[in-house]
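So the structure is just underneath, and the comments pick up after that.
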Amino acid sequence: ELGIRIPRPLGHGPSRFIPEKETIQVGNEGSTMHTLFAESFATLGRLDNVTLVMVFHPQYLESFLKTQHYLLQMDGPLPLHYRHYIGIMAAARHQCSYLVNLHVNDFLHVGGDPKWLNGLENAPQKLQNLGELNKMLAHRPWLITKEHIEQLLKTEENSWSLAELIHAVVLLTHYHSLASFTFGCGISPEIDCEGGHTFRPPSVSNYCICDITNGYHGVDEIHASPTGSIPVKIKCFSLLFKSTESVCEVEALMEKMKQLQECRDEEEASQEEMATRFEREKRESMFVCSSEDEESAPTRDVSRHFEDTSYGYKDFSRHGMHVPTFRVQDYSWEDHGYSLVNRLYPDVGQLLDEKFHIAYNLTYNTMAMHKDVDTSMLRRAIWNYIHCMFGIRYDDYDYGEINQLLDRSFKVYIKTVVCTPEKTTKRMYDSFWRQFEHSEKVHVNLLLVEARMQAELLYALRAITRYMT
């Protein structure tokens, strides 16, 4: 009657991929989760949907929030408005309007110049100079050289200090990876954000004003699946090297893990064979790609926040181009990257190291409906497959295990989320590990986020080290 347009949420819950009934309901959380929600609210000024999905794994969320808070708000080499603007630049490279919109608001809140938001060309030259590093880190980090670092550090009045550059690199890699998580988990915009609401008039038969103002979405309760279950048919298939009896997907994966462990105990492949298997897996990863008919999640135009819009992910060995293998034994996070970051940006190396370790070692010793399962072999295969796609090799790992443990649909999902996250679809999310809990799929995304971030960091930090020496 008053002509007031009342916003209604477009989505149901924090994720487009996970039924709302299967996420943690605010108000029903335990004391640990309640504390994390309070910390997130105090830090961000809101309880965002990333937090509501990440809270499936409270230990990781606590580390993530602590790191993000330090990067954005605590003492550091870069001023606050620069930090948020770099977050915008990084998220925009993957068309992640969800993160771009959040940081546009934060940028203005800390006194950022609104003119910068009209396009990267309106930002200071110093930030414009970061554009080249931003695009390579996001799409082809193996191309970064010490010359790229030198250009940023030697540009006279617009030059970066080493400490500022480390801060910027960590922010860029953080938001590239967070874009992967956002798309990989189908994070929905909050109701007050662009794309999170509609002003269509409610149906008189289904709603009253009190329903709308209280956030009722009009979803039939009967369509929600029971908490902890996934309403899909069990797909069975014959296990390789076994009889033709059909076995469930989960049991098949567990059996493969058992067989691989037995083979590992019986004999160890030679270094030459290990190197050959890495090269084979690296080549095969080039032929894993998402279907061309997959469409990106709808986003508003964010291309004004970065230059060279045609620059995107390309496999590093395509078109006859050869990129030397990055051997972790020559430059690793533990022995080289960690100390460099901690020296130039105190405490951040420690925070990142903790976050990497939590994601990599996180386990509840379960696989779908099975308990007391050692999942370390599977977690390592996922982590090392991501690094393999980036040309990073571990001499002590048998890359033959990857093809045994990760099927094609899973590889498609991993490569899409890590390399072109804006192309991730619900169909991809649903197609891998169909019998697993949503919390386990979120854990996969945490592994993807941290493995990707570490891979980007390794290339950037190695280039900085080479410049310094």
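Ordering of the structure tokens sets the chain letters (A, B, ...); residue numbers start at 1 within each chain; ligands are numbered from 1 in the order shown.
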So that I can check the surroundings of A:Asp330, please list as a short mmCIF file (atom, residue, chain, number, x, y, z; two decimals) with C-alpha atoms, in the first residue's frame every protein, DNA and RNA residue that reaches within 12 Å of it, counting only C-alpha atoms and ignoring chain neighbours fewer than 5 positions away.
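selection31.cif written:
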```cif
data_model
loop_
_atom_site.label_atom_id
_atom_site.label_comp_id
_atom_site.auth_asym_id
_atom_site.auth_seq_id
_atom_site.Cartn_x
_atom_site.Cartn_y
_atom_site.Cartn_z
CA THR A 325 59.57 -28.55 -14.24
CA ASP A 335 62.58 -24.40 3.24
CA HIS A 336 62.46 -21.17 1.23
CA GLY A 337 59.09 -19.45 0.80
CA ILE A 392 55.41 -28.57 -9.78
CA ARG A 393 56.96 -31.97 -9.01
CA TYR A 394 57.70 -33.87 -5.78
CA ASP A 395 60.54 -36.32 -6.38
CA LEU A 458 56.03 -20.68 -4.99
CA ARG A 462 61.08 -18.00 -6.35
#
```
Which residues of stretch 305-421 of chain A come within 9 Å of stretch 266-288 of chain A, and for each one, what is the closest pair of atoms and their distance in Å to one decimal, counting only C-alpha atoms, sorted by chain and residue number, as a Markdown table?
```
| residue | atom | partner | partner_atom | distance |
| --- | --- | --- | --- | --- |
| A:Asp315 | CA | A:Met286 | CA | 6.0 |
| A:Phe316 | CA | A:Met286 | CA | 8.4 |
| A:Ser317 | CA | A:Arg283 | CA | 7.8 |
| A:Arg318 | CA | A:Met286 | CA | 8.0 |
| A:Tyr385 | CA | A:Glu281 | CA | 8.3 |
| A:Cys388 | CA | A:Lys282 | CA | 5.9 |
| A:Met389 | CA | A:Lys282 | CA | 6.1 |
| A:Phe390 | CA | A:Lys282 | CA | 8.5 |
| A:Gly391 | CA | A:Lys282 | CA | 7.0 |
| A:Arg393 | CA | A:Phe278 | CA | 7.2 |
| A:Tyr394 | CA | A:Phe278 | CA | 8.8 |
| A:Asp395 | CA | A:Met274 | CA | 7.3 |
| A:Asp396 | CA | A:Met274 | CA | 8.0 |
| A:Tyr397 | CA | A:Met274 | CA | 7.3 |
| A:Asp398 | CA | A:Met274 | CA | 5.6 |
| A:Tyr399 | CA | A:Phe278 | CA | 5.4 |
| A:Gly400 | CA | A:Arg277 | CA | 5.8 |
| A:Ile402 | CA | A:Glu281 | CA | 8.0 |
| A:Asn403 | CA | A:Glu281 | CA | 8.1 |
| A:Arg408 | CA | A:Val288 | CA | 7.6 |
| A:Lys411 | CA | A:Val288 | CA | 6.9 |
| A:Val412 | CA | A:Val288 | CA | 5.9 |
| A:Lys415 | CA | A:Val288 | CA | 7.3 |
```
From A:Arg16, A:His370, A:Lys441, A:Arg434, residue lying nearest A:Ile187 [only C-alpha atoms]: A:Arg16
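Ranking A:Phe37, A:Tyr313, A:Phe326, A:Phe17 by their shortest atom-to-atom distance to A:Gly186, with only C-alpha atoms included, puts A:Phe17 first.
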Option closest in space to A:Gln454, from A:Asn129, A:Asn122, A:Thr173, A:Thr51 [counting only C-alpha atoms]: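 Checking each candidate against A:Gln454, we get A:Thr173 as the closest.
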Proximity to A:Arg466 - best of A:His103, A:Lys146, A:Gly3, A:Gln73, only C-alpha atoms: A:Lys146
Pairwise distance for atom CA of A:Gln404 and atom CA of A:Cys419, rounded to one decimal in Å: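 We find that atom CA of A:Gln404 and atom CA of A:Cys419 lie 22.2 Å from each other.
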